[in-house]
Structures are given as C-alpha cells and as structure tokens.
$ cat entry-v2.txt   # compact mmCIF, C-alpha atoms
# COMPACT_ATOMS: atom_id res chain seq x y z
CA MET L 19 0.00 0.00 0.00
CA GLY L 20 2.99 2.33 0.51
CA ILE L 21 3.82 2.42 -3.21
CA ILE L 22 0.25 3.33 -4.12
CA TRP L 23 0.25 6.22 -1.62
CA THR L 24 3.62 7.38 -2.94
CA ILE L 25 2.22 7.46 -6.48
CA ILE L 26 -0.94 9.28 -5.38
CA ILE L 27 0.97 11.87 -3.33
CA GLY L 28 3.51 12.19 -6.15
CA PHE L 29 0.75 12.91 -8.66
CA VAL L 30 -0.90 15.49 -6.40
CA ALA L 31 2.47 17.13 -5.67
CA GLY L 32 3.30 17.23 -9.39
CA VAL L 33 -0.04 18.86 -10.24
CA ILE L 34 0.33 21.45 -7.49
CA ALA L 35 3.92 22.19 -8.57
CA LYS L 36 2.77 22.73 -12.15
CA PHE L 37 0.15 25.23 -10.93
CA ILE L 38 2.75 27.04 -8.81
CA MET L 39 5.36 27.17 -11.58
CA PRO L 40 3.71 27.13 -15.02
CA GLY L 41 5.74 27.28 -18.20
CA ASP L 42 5.86 26.38 -21.87
CA ASN L 43 8.62 23.81 -21.60
CA GLU L 44 7.26 21.78 -18.69
CA PRO L 45 6.65 18.04 -18.93
CA SER L 46 3.01 17.14 -19.49
CA GLY L 47 0.84 14.07 -19.15
CA PHE L 48 -0.28 11.90 -16.27
CA ILE L 49 2.86 9.75 -16.15
CA LEU L 50 5.32 12.65 -16.31
CA THR L 51 3.37 14.64 -13.74
CA THR L 52 3.42 11.65 -11.38
CA ILE L 53 7.14 11.09 -11.96
CA LEU L 54 7.77 14.79 -11.35
CA GLY L 55 6.02 14.59 -7.98
CA ILE L 56 7.75 11.35 -6.95
CA VAL L 57 11.17 12.74 -7.88
CA GLY L 58 10.26 15.90 -6.00
CA ALA L 59 9.44 13.84 -2.93
CA PHE L 60 12.80 12.10 -3.15
CA VAL L 61 14.60 15.43 -3.59
CA ALA L 62 12.76 16.91 -0.60
CA THR L 63 13.51 13.84 1.52
CA TYR L 64 17.20 13.90 0.61
CA LEU L 65 17.58 17.63 1.22
CA GLY L 66 15.54 17.44 4.43
CA GLN L 67 17.70 14.62 5.79
CA ALA L 68 20.89 16.44 4.76
CA LEU L 69 19.74 19.60 6.56
CA GLY L 70 18.56 17.68 9.63
CA TRP L 71 14.84 18.38 9.15
CA TYR L 72 13.96 14.67 8.75
CA ARG L 73 15.34 11.70 10.58
CA PRO L 74 16.88 8.78 8.63
CA GLY L 75 14.08 6.67 7.23
CA GLU L 76 11.56 9.50 7.50
CA GLY L 77 10.15 10.84 4.24
CA ALA L 78 8.90 14.23 3.20
CA GLY L 79 5.18 14.90 3.31
CA LEU L 80 2.97 16.52 0.71
CA VAL L 81 4.34 20.03 1.29
CA GLY L 82 7.91 18.78 1.05
CA ALA L 83 7.09 16.84 -2.11
CA VAL L 84 5.58 19.97 -3.67
CA VAL L 85 8.67 22.02 -2.79
CA GLY L 86 10.88 19.28 -4.20
CA ALA L 87 8.79 19.10 -7.38
CA VAL L 88 9.06 22.88 -7.82
CA ILE L 89 12.84 22.57 -7.50
CA VAL L 90 12.85 19.76 -10.08
CA LEU L 91 10.66 21.85 -12.44
CA PHE L 92 13.03 24.80 -12.06
CA VAL L 93 16.07 22.67 -12.89
CA TYR L 94 14.19 21.06 -15.79
CA GLY L 95 13.35 24.53 -17.14
CA LEU L 96 17.00 25.54 -16.99
CA VAL L 97 18.17 22.39 -18.76
CA ALA L 98 15.38 22.44 -21.37
CA GLY L 99 15.93 26.15 -21.97
CA ARG L 100 19.62 25.63 -22.63
CA SER L 101 19.03 22.73 -25.02
CA ARG L 102 16.47 24.78 -27.00
CA ARG L 103 18.92 27.66 -27.37
CA ALA L 104 21.69 25.30 -28.49
CA ILE L 105 19.63 23.90 -31.37

$ encode --input "entry-v2.txt" --output "structure tokens"
Amino acid sequence: MGIIWTIIIGFVAGVIAKFIMPGDNEPSGFILTTILGIVGAFVATYLGQALGWYRPGEGAGLVGAVVGAVIVLFVYGLVAGRSRRAI
C-alpha cells in the first residue's frame, strides 16, 4: 500500500507544482506529472535529511514533495531552456 500512496501523493504534488510554476517547456501528461512529484518527494527527503529536518528513514510529506517538485521543475526549465537555445 505504501507504493500506491507514494504514487498518489507524487501525482498530487506534481499537479500542485505545475500550478505554482507554469511554463511552456514543462513536462506534461499523467505519467510525467506523477514522476515529477515522486522525484520531488525524493529530492525533498534527501535535502531534508541532509539539513537535519527529517530523521533517517523519515520521508517528506505533501508540502515537502511539492517544494521538491518545484525545485525539479526549475532545474528542468534551466536544462530544457539551454538545449532549445543550443539547437
């Protein structure tokens, strides 16, 4: 059941992050939105554990996943923007 909740929270976090940080070069679709949220949750968990906000084995919640997804979207925008200019 943990994987299903991770996917659901990842999808919700990805959708919220897309509303917070809209753009033309953002990934779209159900699968990419879900992956964006899940990666955001992992980023938030890693950063939170590195900064001492979360204990080892403790994951980020919905707010942390949204913040992580916004960070991932920002980095994606930088990388996608550079590759578009290079072409």

$ closest_residue --input "entry-v2.txt" --among "L:Gly70, L:Leu65, L:Gly95, L:Ile22" --to "Pro40 (chain L)" --atoms "all atoms listed in the file"
L:Gly95

$ closest_residue --input "entry-v2.txt" --among "L:Ala78, L:Val61, L:Leu54, L:Ile89" --to "Val33 (chain L)" --atoms "only C-alpha atoms"
L:Leu54

$ closest_residue --input "entry-v2.txt" --among "L:Phe29, L:Met39, L:Thr51, L:Val85" --to "Thr63 (chain L)" --atoms "only C-alpha atoms"
L:Val85

$ closest_residue --input "entry-v2.txt" --among "L:Phe48, L:Phe37, L:Trp71, L:Tyr64" --to "Val88 (chain L)" --atoms "all atoms listed in the file"
L:Phe37

$ atom_distance --input "entry-v2.txt" --atom1 "CA of Tyr94 (chain L)" --atom2 "CA of Trp23 (chain L)"
24.8 Å

$ atom_distance --input "entry-v2.txt" --atom1 "CA of Gly82 (chain L)" --atom2 "CA of Ile26 (chain L)"
14.5 Å

$ atom_distance --input "entry-v2.txt" --atom1 "CA of Ala62 (chain L)" --atom2 "CA of Ala83 (chain L)"
5.9 Å

$ residues_around --input "entry-v2.txt" --residues "Val57 (chain L)" --least-positions-apart "4" --cutoff "8 Å" --atoms "only C-alpha atoms" --output "list of chain:residue names"
L:Gly28, L:Ile53, L:Val61, L:Gly86, L:Ala87, L:Val90

$ decode --input "entry-v2.txt" --residues "region 22-102 of chain L" --atoms "C-alpha atoms" --output "compact mmCIF listing (two decimals), in the first residue's frame"
# COMPACT_ATOMS: atom_id res chain seq x y z
CA ILE L 22 0.25 3.33 -4.12
CA TRP L 23 0.25 6.22 -1.62
CA THR L 24 3.62 7.38 -2.94
CA ILE L 25 2.22 7.46 -6.48
CA ILE L 26 -0.94 9.28 -5.38
CA ILE L 27 0.97 11.87 -3.33
CA GLY L 28 3.51 12.19 -6.15
CA PHE L 29 0.75 12.91 -8.66
CA VAL L 30 -0.90 15.49 -6.40
CA ALA L 31 2.47 17.13 -5.67
CA GLY L 32 3.30 17.23 -9.39
CA VAL L 33 -0.04 18.86 -10.24
CA ILE L 34 0.33 21.45 -7.49
CA ALA L 35 3.92 22.19 -8.57
CA LYS L 36 2.77 22.73 -12.15
CA PHE L 37 0.15 25.23 -10.93
CA ILE L 38 2.75 27.04 -8.81
CA MET L 39 5.36 27.17 -11.58
CA PRO L 40 3.71 27.13 -15.02
CA GLY L 41 5.74 27.28 -18.20
CA ASP L 42 5.86 26.38 -21.87
CA ASN L 43 8.62 23.81 -21.60
CA GLU L 44 7.26 21.78 -18.69
CA PRO L 45 6.65 18.04 -18.93
CA SER L 46 3.01 17.14 -19.49
CA GLY L 47 0.84 14.07 -19.15
CA PHE L 48 -0.28 11.90 -16.27
CA ILE L 49 2.86 9.75 -16.15
CA LEU L 50 5.32 12.65 -16.31
CA THR L 51 3.37 14.64 -13.74
CA THR L 52 3.42 11.65 -11.38
CA ILE L 53 7.14 11.09 -11.96
CA LEU L 54 7.77 14.79 -11.35
CA GLY L 55 6.02 14.59 -7.98
CA ILE L 56 7.75 11.35 -6.95
CA VAL L 57 11.17 12.74 -7.88
CA GLY L 58 10.26 15.90 -6.00
CA ALA L 59 9.44 13.84 -2.93
CA PHE L 60 12.80 12.10 -3.15
CA VAL L 61 14.60 15.43 -3.59
CA ALA L 62 12.76 16.91 -0.60
CA THR L 63 13.51 13.84 1.52
CA TYR L 64 17.20 13.90 0.61
CA LEU L 65 17.58 17.63 1.22
CA GLY L 66 15.54 17.44 4.43
CA GLN L 67 17.70 14.62 5.79
CA ALA L 68 20.89 16.44 4.76
CA LEU L 69 19.74 19.60 6.56
CA GLY L 70 18.56 17.68 9.63
CA TRP L 71 14.84 18.38 9.15
CA TYR L 72 13.96 14.67 8.75
CA ARG L 73 15.34 11.70 10.58
CA PRO L 74 16.88 8.78 8.63
CA GLY L 75 14.08 6.67 7.23
CA GLU L 76 11.56 9.50 7.50
CA GLY L 77 10.15 10.84 4.24
CA ALA L 78 8.90 14.23 3.20
CA GLY L 79 5.18 14.90 3.31
CA LEU L 80 2.97 16.52 0.71
CA VAL L 81 4.34 20.03 1.29
CA GLY L 82 7.91 18.78 1.05
CA ALA L 83 7.09 16.84 -2.11
CA VAL L 84 5.58 19.97 -3.67
CA VAL L 85 8.67 22.02 -2.79
CA GLY L 86 10.88 19.28 -4.20
CA ALA L 87 8.79 19.10 -7.38
CA VAL L 88 9.06 22.88 -7.82
CA ILE L 89 12.84 22.57 -7.50
CA VAL L 90 12.85 19.76 -10.08
CA LEU L 91 10.66 21.85 -12.44
CA PHE L 92 13.03 24.80 -12.06
CA VAL L 93 16.07 22.67 -12.89
CA TYR L 94 14.19 21.06 -15.79
CA GLY L 95 13.35 24.53 -17.14
CA LEU L 96 17.00 25.54 -16.99
CA VAL L 97 18.17 22.39 -18.76
CA ALA L 98 15.38 22.44 -21.37
CA GLY L 99 15.93 26.15 -21.97
CA ARG L 100 19.62 25.63 -22.63
CA SER L 101 19.03 22.73 -25.02
CA ARG L 102 16.47 24.78 -27.00
